[in-house]
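Shown here: coords_39.txt, compact mmCIF, C-alpha atoms and all ligand atoms.
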# COMPACT_ATOMS: atom_id res chain seq x y z
CA MET A 2 313.93 127.51 152.49
CA ILE A 3 315.02 123.96 151.77
CA ASP A 4 314.94 121.65 154.73
CA PRO A 5 318.52 120.27 154.85
CA VAL A 6 317.68 117.09 156.78
CA SER A 7 314.74 115.59 154.91
CA THR A 8 315.25 116.64 151.29
CA ARG A 9 318.98 117.02 150.84
CA THR A 10 321.29 114.05 151.25
CA ALA A 11 324.88 114.16 149.99
CA GLY A 12 324.32 116.70 147.17
CA LYS A 13 321.16 114.92 146.02
CA SER A 14 317.55 115.95 146.72
CA VAL A 15 314.32 113.97 146.85
CA CYS A 16 311.39 114.57 144.52
CA HIS A 17 308.24 115.17 146.56
CA VAL A 18 306.00 113.38 144.05
CA CYS A 19 307.80 110.15 143.15
CA GLY A 20 310.09 110.04 146.20
CA ARG A 21 313.24 109.25 144.21
CA SER A 22 316.41 111.28 144.69
CA PHE A 23 317.87 113.35 141.86
CA PRO A 24 320.92 115.56 141.43
CA ALA A 25 320.02 119.12 142.43
CA PRO A 26 319.95 120.63 138.88
CA ARG A 27 317.21 118.17 137.83
CA LEU A 28 314.84 119.34 140.58
CA ARG A 29 312.61 122.39 140.66
CA PRO A 30 311.72 124.08 143.97
CA TRP A 31 308.11 124.78 144.93
CA ILE A 32 308.62 128.54 144.64
CA SER A 33 309.41 128.37 140.91
CA VAL A 34 306.34 126.33 139.93
CA ARG A 35 303.35 128.21 138.54
CA PRO A 36 300.45 128.51 141.04
CA GLY A 37 298.00 126.72 138.72
CA VAL A 38 300.37 123.79 138.22
CA SER A 39 301.18 123.85 141.93
CA GLU A 40 297.50 123.33 142.77
CA LEU A 41 297.39 120.28 140.51
CA ILE A 42 300.50 118.83 142.17
CA ALA A 43 299.09 119.49 145.65
CA ALA A 44 295.90 117.64 144.68
CA THR A 45 297.91 114.54 143.67
CA ALA A 46 300.70 114.73 146.27
CA PRO A 47 299.44 116.19 149.57
CA GLY A 48 301.99 118.22 151.50
CA TRP A 49 303.36 119.90 148.38
CA GLY A 50 304.42 123.38 149.47
CA GLU A 51 307.21 125.66 150.54
CA GLY A 52 310.61 123.92 150.66
CA LYS A 53 309.53 120.88 148.62
CA GLN A 54 311.03 120.01 145.23
CA ILE A 55 309.82 118.16 142.16
CA CYS A 56 311.76 116.31 139.48
CA GLN A 57 311.61 117.56 135.91
CA PRO A 58 309.76 114.55 134.40
CA ASP A 59 307.01 114.86 137.03
CA LEU A 60 306.79 118.63 136.55
CA ALA A 61 306.50 118.17 132.77
CA ARG A 62 303.67 115.68 133.29
CA PHE A 63 301.73 118.04 135.60
CA ARG A 64 302.31 120.94 133.28
CA ARG A 65 300.86 119.01 130.34
CA ASP A 66 297.82 118.06 132.45
CA TYR A 67 297.37 121.69 133.42
CA VAL A 68 297.45 122.92 129.81
CA GLU A 69 295.00 120.21 128.80
CA ARG A 70 292.68 121.33 131.57
CA LEU A 71 292.95 124.96 130.48
CA LEU A 72 291.98 124.05 126.93
CA ALA A 73 289.15 121.81 128.12
CA ASP A 74 287.85 124.70 130.25
CA GLU A 75 287.85 126.89 127.20
CA ARG A 76 285.86 124.39 125.18
CA GLY A 77 283.45 124.10 128.09
CA GLU A 78 282.97 127.84 128.08
CA LEU A 79 282.12 127.87 124.39
CA ALA A 80 279.58 125.13 124.99
CA ASP A 81 278.11 127.26 127.81
CA LEU A 82 277.72 130.20 125.43
CA ASP A 83 276.01 127.98 122.91
CA ARG A 84 273.65 126.77 125.59
CA GLN A 85 272.86 130.34 126.68
CA VAL A 86 272.06 131.38 123.13
CA ILE A 87 269.85 128.34 122.61
CA ALA A 88 268.08 128.97 125.93
CA SER A 89 267.43 132.62 125.08
CA LEU A 90 266.10 131.61 121.68
CA GLU A 91 263.81 129.04 123.27
CA ALA A 92 262.55 131.42 125.96
CA GLY A 93 262.26 134.60 123.88
CA GLU A 94 259.60 134.38 121.24
CA PRO A 95 259.97 136.73 118.30
CA VAL A 96 258.50 140.07 119.30
CA SER A 97 257.68 141.34 115.83
CA ARG A 98 254.07 141.04 114.72
CA ASN A 99 252.26 142.17 111.61
CA PRO A 100 249.95 145.05 112.63
CA GLU A 101 247.81 144.48 109.51
CA ASN A 102 246.92 140.96 110.62
CA GLU A 103 246.40 142.01 114.22
CA ALA A 104 244.01 144.85 113.34
CA GLU A 105 242.19 142.81 110.68
CA ASP A 106 240.74 140.45 113.30
CA THR A 107 239.00 143.24 115.24
CA TYR A 108 237.33 144.91 112.23
CA THR A 109 233.55 145.15 112.24
CA PHE A 110 231.49 144.96 109.06
CA GLY A 111 230.88 148.73 109.13
CA GLU A 112 234.59 149.47 109.40
CA ARG A 113 235.39 147.13 106.55
CA LEU A 114 232.67 148.77 104.43
CA ALA A 115 234.01 152.25 105.26
CA ASP A 116 237.50 151.17 104.19
CA GLY A 117 236.15 149.75 100.94
CA VAL A 118 234.07 152.85 100.14
CA ALA A 119 236.94 155.22 100.96
CA GLU A 120 239.27 153.19 98.79
CA PHE A 121 236.84 153.18 95.85
CA GLY A 122 236.03 156.89 96.37
CA GLY A 123 239.69 157.79 96.00
CA SER A 124 240.30 155.96 92.73
CA TRP A 125 240.30 157.01 89.06
CA THR A 126 237.69 154.34 88.45
CA PHE A 127 235.28 156.26 90.68
CA ILE A 128 236.07 159.66 89.13
CA LEU A 129 235.69 158.45 85.55
CA SER A 130 232.55 156.40 86.15
CA PHE A 131 230.96 159.24 88.15
CA LEU A 132 231.79 161.68 85.35
CA ALA A 133 230.13 159.29 82.91
CA VAL A 134 226.99 159.16 85.09
CA LEU A 135 226.84 163.00 85.25
CA ILE A 136 227.20 163.40 81.50
CA PHE A 137 224.64 160.65 80.86
CA TRP A 138 222.18 162.34 83.28
CA MET A 139 222.55 165.74 81.58
CA LEU A 140 222.39 164.42 78.02
CA LEU A 141 219.37 162.29 78.91
CA ASN A 142 217.44 165.30 80.22
CA VAL A 143 218.50 167.83 77.57
CA LEU A 144 218.56 165.76 74.37
CA PHE A 145 216.62 162.50 74.68
CA LEU A 146 213.65 163.12 76.94
CA GLY A 147 212.84 166.31 74.95
CA ALA A 148 209.65 167.99 76.21
CA ARG A 149 209.23 165.91 79.43
CA PRO A 150 212.61 165.64 81.23
CA PHE A 151 212.46 164.33 84.87
CA ASP A 152 215.21 166.80 85.83
CA PRO A 153 215.22 169.82 83.46
CA TYR A 154 218.05 172.33 83.16
CA PRO A 155 219.69 173.47 85.59
CA PHE A 156 219.39 169.90 87.06
CA ILE A 157 218.07 170.61 90.57
CA LEU A 158 217.62 166.89 91.35
CA LEU A 159 221.20 166.11 90.23
CA ASN A 160 222.35 168.89 92.56
CA LEU A 161 220.51 167.24 95.47
CA VAL A 162 222.01 163.83 94.66
CA LEU A 163 225.52 165.28 94.52
CA SER A 164 225.08 167.15 97.84
CA SER A 165 223.81 163.98 99.56
CA LEU A 166 226.71 161.99 98.15
CA ALA A 167 229.23 164.56 99.42
CA ALA A 168 227.57 164.65 102.85
CA LEU A 169 227.81 160.85 103.14
CA GLN A 170 231.30 160.59 101.75
CA ALA A 171 232.87 162.91 104.34
CA PRO A 172 232.10 160.77 107.43
CA VAL A 173 233.04 157.58 105.57
CA ILE A 174 236.43 159.05 104.75
CA MET A 175 236.91 160.18 108.36
CA MET A 176 236.07 156.67 109.59
CA SER A 177 238.61 155.20 107.22
CA GLN A 178 241.23 157.70 108.39
CA ARG A 179 240.69 156.66 112.00
CA ARG A 180 241.28 153.05 110.92
CA GLN A 181 244.49 154.10 109.25
CA GLU A 182 245.66 155.99 112.33
CA LYS A 183 245.03 152.94 114.50
CA LYS A 184 247.06 150.82 112.10
CA ASP A 185 249.87 153.38 112.15
CA ARG A 186 249.89 153.38 115.95
CA LEU A 187 250.10 149.57 116.05
CA ARG A 188 252.93 149.68 113.54
CA ALA A 189 254.81 152.26 115.62
CA GLU A 190 254.37 150.18 118.79
CA ASN A 191 255.63 147.11 116.97
CA ASP A 192 258.66 149.01 115.68
CA TYR A 193 259.41 150.19 119.19
CA ARG A 194 259.24 146.63 120.56
CA VAL A 195 261.54 145.29 117.87
CA ASN A 196 264.01 148.16 118.33
CA LEU A 197 264.09 147.67 122.09
CA LYS A 198 264.70 143.94 121.77
CA SER A 199 267.45 144.51 119.19
CA GLU A 200 269.10 147.05 121.45
CA LEU A 201 269.05 144.67 124.41
CA GLU A 202 270.35 141.77 122.31
CA ILE A 203 273.18 143.90 120.94
CA ARG A 204 274.11 145.08 124.43
CA GLN A 205 274.15 141.46 125.60
CA LEU A 206 276.32 140.50 122.64
CA HIS A 207 278.75 143.26 123.55
CA GLU A 208 279.02 141.95 127.09
CA LYS A 209 279.49 138.39 125.88
CA ILE A 210 282.26 139.38 123.50
CA ASP A 211 284.01 141.51 126.14
CA HIS A 212 283.82 138.60 128.57
CA GLN A 213 285.17 136.19 125.95
CA LEU A 214 288.05 138.50 125.05
CA ALA A 215 289.08 138.99 128.68
CA GLN A 216 288.90 135.26 129.42
CA GLN A 217 290.77 134.19 126.32
CA TRP A 218 293.42 136.84 126.80
CA GLU A 219 294.16 135.61 130.33
CA LYS A 220 294.40 132.03 129.13
CA LEU A 221 296.58 132.91 126.16
CA VAL A 222 298.99 134.77 128.43
CA GLU A 223 299.13 131.81 130.79
CA LEU A 224 299.72 129.32 127.96
CA GLN A 225 302.43 131.53 126.55
CA GLN A 226 304.17 131.81 129.92
CA ILE A 227 304.24 128.03 130.17
CA GLN A 228 305.68 127.80 126.67
CA ILE A 229 308.37 130.32 127.59
CA GLU A 230 309.24 128.27 130.67
CA LEU A 231 309.57 125.14 128.54
CA LEU A 232 311.77 126.97 126.02
CA GLU A 233 313.98 128.30 128.81
CA GLU A 234 314.35 124.80 130.22
CA ASN A 235 315.32 123.47 126.80
CA ALA A 236 317.90 126.22 126.44
CA ASP A 237 319.29 125.44 129.92
CA GLY A 238 319.50 121.73 129.05
CA ARG A 239 321.57 122.42 125.92
CA ARG A 240 324.10 124.61 127.67
ZN ZN B 301 309.57 112.87 140.65

Represent the supplied structure as structure tokens.
Amino acid sequence: MIDPVSTRTAGKSVCHVCGRSFPAPRLRPWISVRPGVSELIAATAPGWGEGKQICQPDLARFRRDYVERLLADERGELADLDRQVIASLEAGEPVSRNPENEAEDTYTFGERLADGVAEFGGSWTFILSFLAVLIFWMLLNVLFLGARPFDPYPFILLNLVLSSLAALQAPVIMMSQRRQEKKDRLRAENDYRVNLKSELEIRQLHEKIDHQLAQQWEKLVELQQIQIELLEENADGRR
């Protein structure tokens, strides 16, 4: 593997990077250098490859550069994520809308009136005041107008008024119910939109987190391997 003529002279070998000769134990062969670090060395010192050796100070320098680059990459990735989130926030307007406001704009006067009448017709105010009118009508005709009531017992005219009122009230209530159904439908559509967007966002988050975990795990393993190499070298140096 090691070329005996060019790199080995009298028990000493030459460092490929700085060109100085070192005793063999202070040199590391190409094969034992991590691929990532090797790429860095090859970029600085062309020709770095099989059979070449590097001195320990140079290797330590390249290794430090490599780790710095790894960490810088990681910071860059976080910045990328931030940018993606900001971009998606800028592009994606909030999908939720208030169906009450949306429907309110398209109401005609008749529809508004129907809503108002239906609301009043279904209140205790209406029941009590209507009861008061009925009692007043009956008392007026029986007790106060005496011999010439405009609607004598059994109150035929009152009967007609009540029938007319009931006949009118039914369609008004139906109109109001249609309004309510339309509002409910808008609300359901809005809920669906919001749910769909949430689901998509959550799925995207899952993918982002999975991606992050995989990336960070790889880098952590690599950093740890470099640390182990350094520790082993220290241990070798002490022996
Ligand atoms: Zn060197």

Check your understanding: Closest to Phe156 in chain A among A:Leu141, A:Ala46, A:Cys19, A:Leu201, using all atoms listed in the file?
Key ->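 Nearest to Phe156 in chain A: A:Leu141.
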
Practice item. Provide the CA of Ala43 in chain A to CA of Gln216 in chain A distance in Å, to one decimal place. Key: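 We find that CA of Ala43 in chain A and CA of Gln216 in chain A lie 24.8 Å from each other.
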
**Study point:** Point-to-point distance from CA of Glu51 in chain A to CA of Pro30 in chain A, Å rounded to tenths
**Key:**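 Between CA of Glu51 in chain A and CA of Pro30 in chain A the gap is 8.1 Å.
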
Practice item. Quote the spacing between CA of Leu41 in chain A and CA of Ala236 in chain A in Å to one decimal place. Key: 25.6 Å

Using 9 Å as the limit and counting only C-alpha atoms and all ligand atoms, can you tabulate each residue of chain A that touches ligand ZN 301 (chain B), with its shortest atom-to-atom distance in Å and the two atoms involved, as CSV?
residue,atom,partner,partner_atom,distance
A:Val15,CA,B:ZN301,ZN,7.9
A:Cys16,CA,B:ZN301,ZN,4.6
A:His17,CA,B:ZN301,ZN,6.5
A:Val18,CA,B:ZN301,ZN,5.0
A:Cys19,CA,B:ZN301,ZN,4.1
A:Gly20,CA,B:ZN301,ZN,6.3
A:Arg21,CA,B:ZN301,ZN,6.3
A:Ser22,CA,B:ZN301,ZN,8.1
A:Phe23,CA,B:ZN301,ZN,8.4
A:Leu28,CA,B:ZN301,ZN,8.3
A:Gln54,CA,B:ZN301,ZN,8.6
A:Ile55,CA,B:ZN301,ZN,5.5
A:Cys56,CA,B:ZN301,ZN,4.2
A:Gln57,CA,B:ZN301,ZN,7.0
A:Pro58,CA,B:ZN301,ZN,6.5
A:Asp59,CA,B:ZN301,ZN,4.9
A:Leu60,CA,B:ZN301,ZN,7.6

Check your understanding: Taking only C-alpha atoms into account, which of A:Ser33, A:Ser177, A:Asn160, A:Ser14 comes nearest Met139 in chain A?
Key ->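 The closest residue to Met139 in chain A is A:Asn160.
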
Could I get the residues of range 136-194 of chain A with an atom no further than 10 Å from an atom of range 107-127 of chain A, each paired with its nearest atom pair and that distance in Å to one decimal, using all atoms listed in the file, sorted by chain and residue number, as a Markdown table?
| residue | atom | partner | partner_atom | distance |
| --- | --- | --- | --- | --- |
| A:Gln170 | CA | A:Ala119 | CA | 7.8 |
| A:Ala171 | CA | A:Ala119 | CA | 9.3 |
| A:Pro172 | CA | A:Ala115 | CA | 9.0 |
| A:Val173 | CA | A:Ala115 | CA | 5.4 |
| A:Ile174 | CA | A:Ala119 | CA | 5.4 |
| A:Met175 | CA | A:Ala119 | CA | 8.9 |
| A:Met176 | CA | A:Ala115 | CA | 6.5 |
| A:Ser177 | CA | A:Asp116 | CA | 5.2 |
| A:Gln178 | CA | A:Asp116 | CA | 8.6 |
| A:Arg179 | CA | A:Glu112 | CA | 9.8 |
| A:Arg180 | CA | A:Glu112 | CA | 7.7 |
| A:Gln181 | CA | A:Asp116 | CA | 9.1 |

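When the distance limit is 12 Å and all atoms listed in the file are what count, the residues near Arg65 in chain A, minus those fewer than 4 positions from it on the same chain, are Gly37, Val38, Leu41, Ile42, Pro58, Asp59, Leu60, Ala61, Glu69, Arg70, Leu71, Leu72, Leu224, Ile227, Gln228 and Leu231 of chain A.
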
Practice item. For range 150-155 of chain A, work out the shell of residues within 12 Å, counting all atoms listed in the file and skipping chain neighbours fewer than 6 positions away, then give it as a PyMOL selection string. Key: chain A and resi 138-144+161-162

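Of the residues listed (A:Ser130, A:Gln226, A:Asn235, A:Asn196), A:Gln226 shows the shortest atom-to-atom separation from Val68 in chain A; distances use all atoms listed in the file.
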
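Minimum atom-to-atom distance to Lys220 in chain A, evaluated using all atoms listed in the file, belongs to A:Ala73 out of A:Ala44, A:Ala73, A:Leu197, A:Ala167.
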
Output range 150-161 of chain A with N, CA, C and O atoms present, as an mmCIF file, keeping the file's coordinate frame.
data_model
loop_
_atom_site.group_PDB
_atom_site.id
_atom_site.type_symbol
_atom_site.label_atom_id
_atom_site.label_comp_id
_atom_site.auth_asym_id
_atom_site.auth_seq_id
_atom_site.Cartn_x
_atom_site.Cartn_y
_atom_site.Cartn_z
ATOM 1 N N PRO A 150 211.458 166.141 80.440
ATOM 2 C CA PRO A 150 212.610 165.640 81.230
ATOM 3 C C PRO A 150 212.236 165.514 82.710
ATOM 4 O O PRO A 150 211.437 166.298 83.206
ATOM 5 N N PHE A 151 212.785 164.457 83.426
ATOM 6 C CA PHE A 151 212.460 164.330 84.870
ATOM 7 C C PHE A 151 213.299 165.281 85.711
ATOM 8 O O PHE A 151 212.995 165.540 86.860
ATOM 9 N N ASP A 152 214.391 165.825 85.099
ATOM 10 C CA ASP A 152 215.210 166.800 85.830
ATOM 11 C C ASP A 152 215.706 167.853 84.845
ATOM 12 O O ASP A 152 216.839 167.790 84.379
ATOM 13 N N PRO A 153 214.838 168.842 84.502
ATOM 14 C CA PRO A 153 215.220 169.820 83.460
ATOM 15 C C PRO A 153 216.355 170.730 83.905
ATOM 16 O O PRO A 153 216.653 170.825 85.096
ATOM 17 N N TYR A 154 216.983 171.371 82.896
ATOM 18 C CA TYR A 154 218.050 172.330 83.160
ATOM 19 C C TYR A 154 217.556 173.354 84.176
ATOM 20 O O TYR A 154 216.418 173.804 84.043
ATOM 21 N N PRO A 155 218.263 173.742 85.245
ATOM 22 C CA PRO A 155 219.690 173.470 85.590
ATOM 23 C C PRO A 155 219.893 172.292 86.539
ATOM 24 O O PRO A 155 220.688 172.404 87.455
ATOM 25 N N PHE A 156 219.145 171.187 86.373
ATOM 26 C CA PHE A 156 219.390 169.900 87.060
ATOM 27 C C PHE A 156 219.349 170.006 88.583
ATOM 28 O O PHE A 156 220.314 169.687 89.273
ATOM 29 N N ILE A 157 218.230 170.454 89.120
ATOM 30 C CA ILE A 157 218.070 170.610 90.570
ATOM 31 C C ILE A 157 218.211 169.269 91.284
ATOM 32 O O ILE A 157 218.882 169.156 92.314
ATOM 33 N N LEU A 158 217.576 168.218 90.715
ATOM 34 C CA LEU A 158 217.620 166.890 91.350
ATOM 35 C C LEU A 158 219.059 166.361 91.393
ATOM 36 O O LEU A 158 219.503 165.805 92.409
ATOM 37 N N LEU A 159 219.795 166.558 90.278
ATOM 38 C CA LEU A 159 221.200 166.110 90.230
ATOM 39 C C LEU A 159 222.000 166.810 91.321
ATOM 40 O O LEU A 159 222.829 166.199 92.002
ATOM 41 N N ASN A 160 221.699 168.110 91.506
ATOM 42 C CA ASN A 160 222.350 168.890 92.560
ATOM 43 C C ASN A 160 222.123 168.261 93.928
ATOM 44 O O ASN A 160 223.050 168.090 94.730
ATOM 45 N N LEU A 161 220.860 167.862 94.194
ATOM 46 C CA LEU A 161 220.510 167.240 95.470
ATOM 47 C C LEU A 161 221.264 165.931 95.662
ATOM 48 O O LEU A 161 221.816 165.645 96.736
#
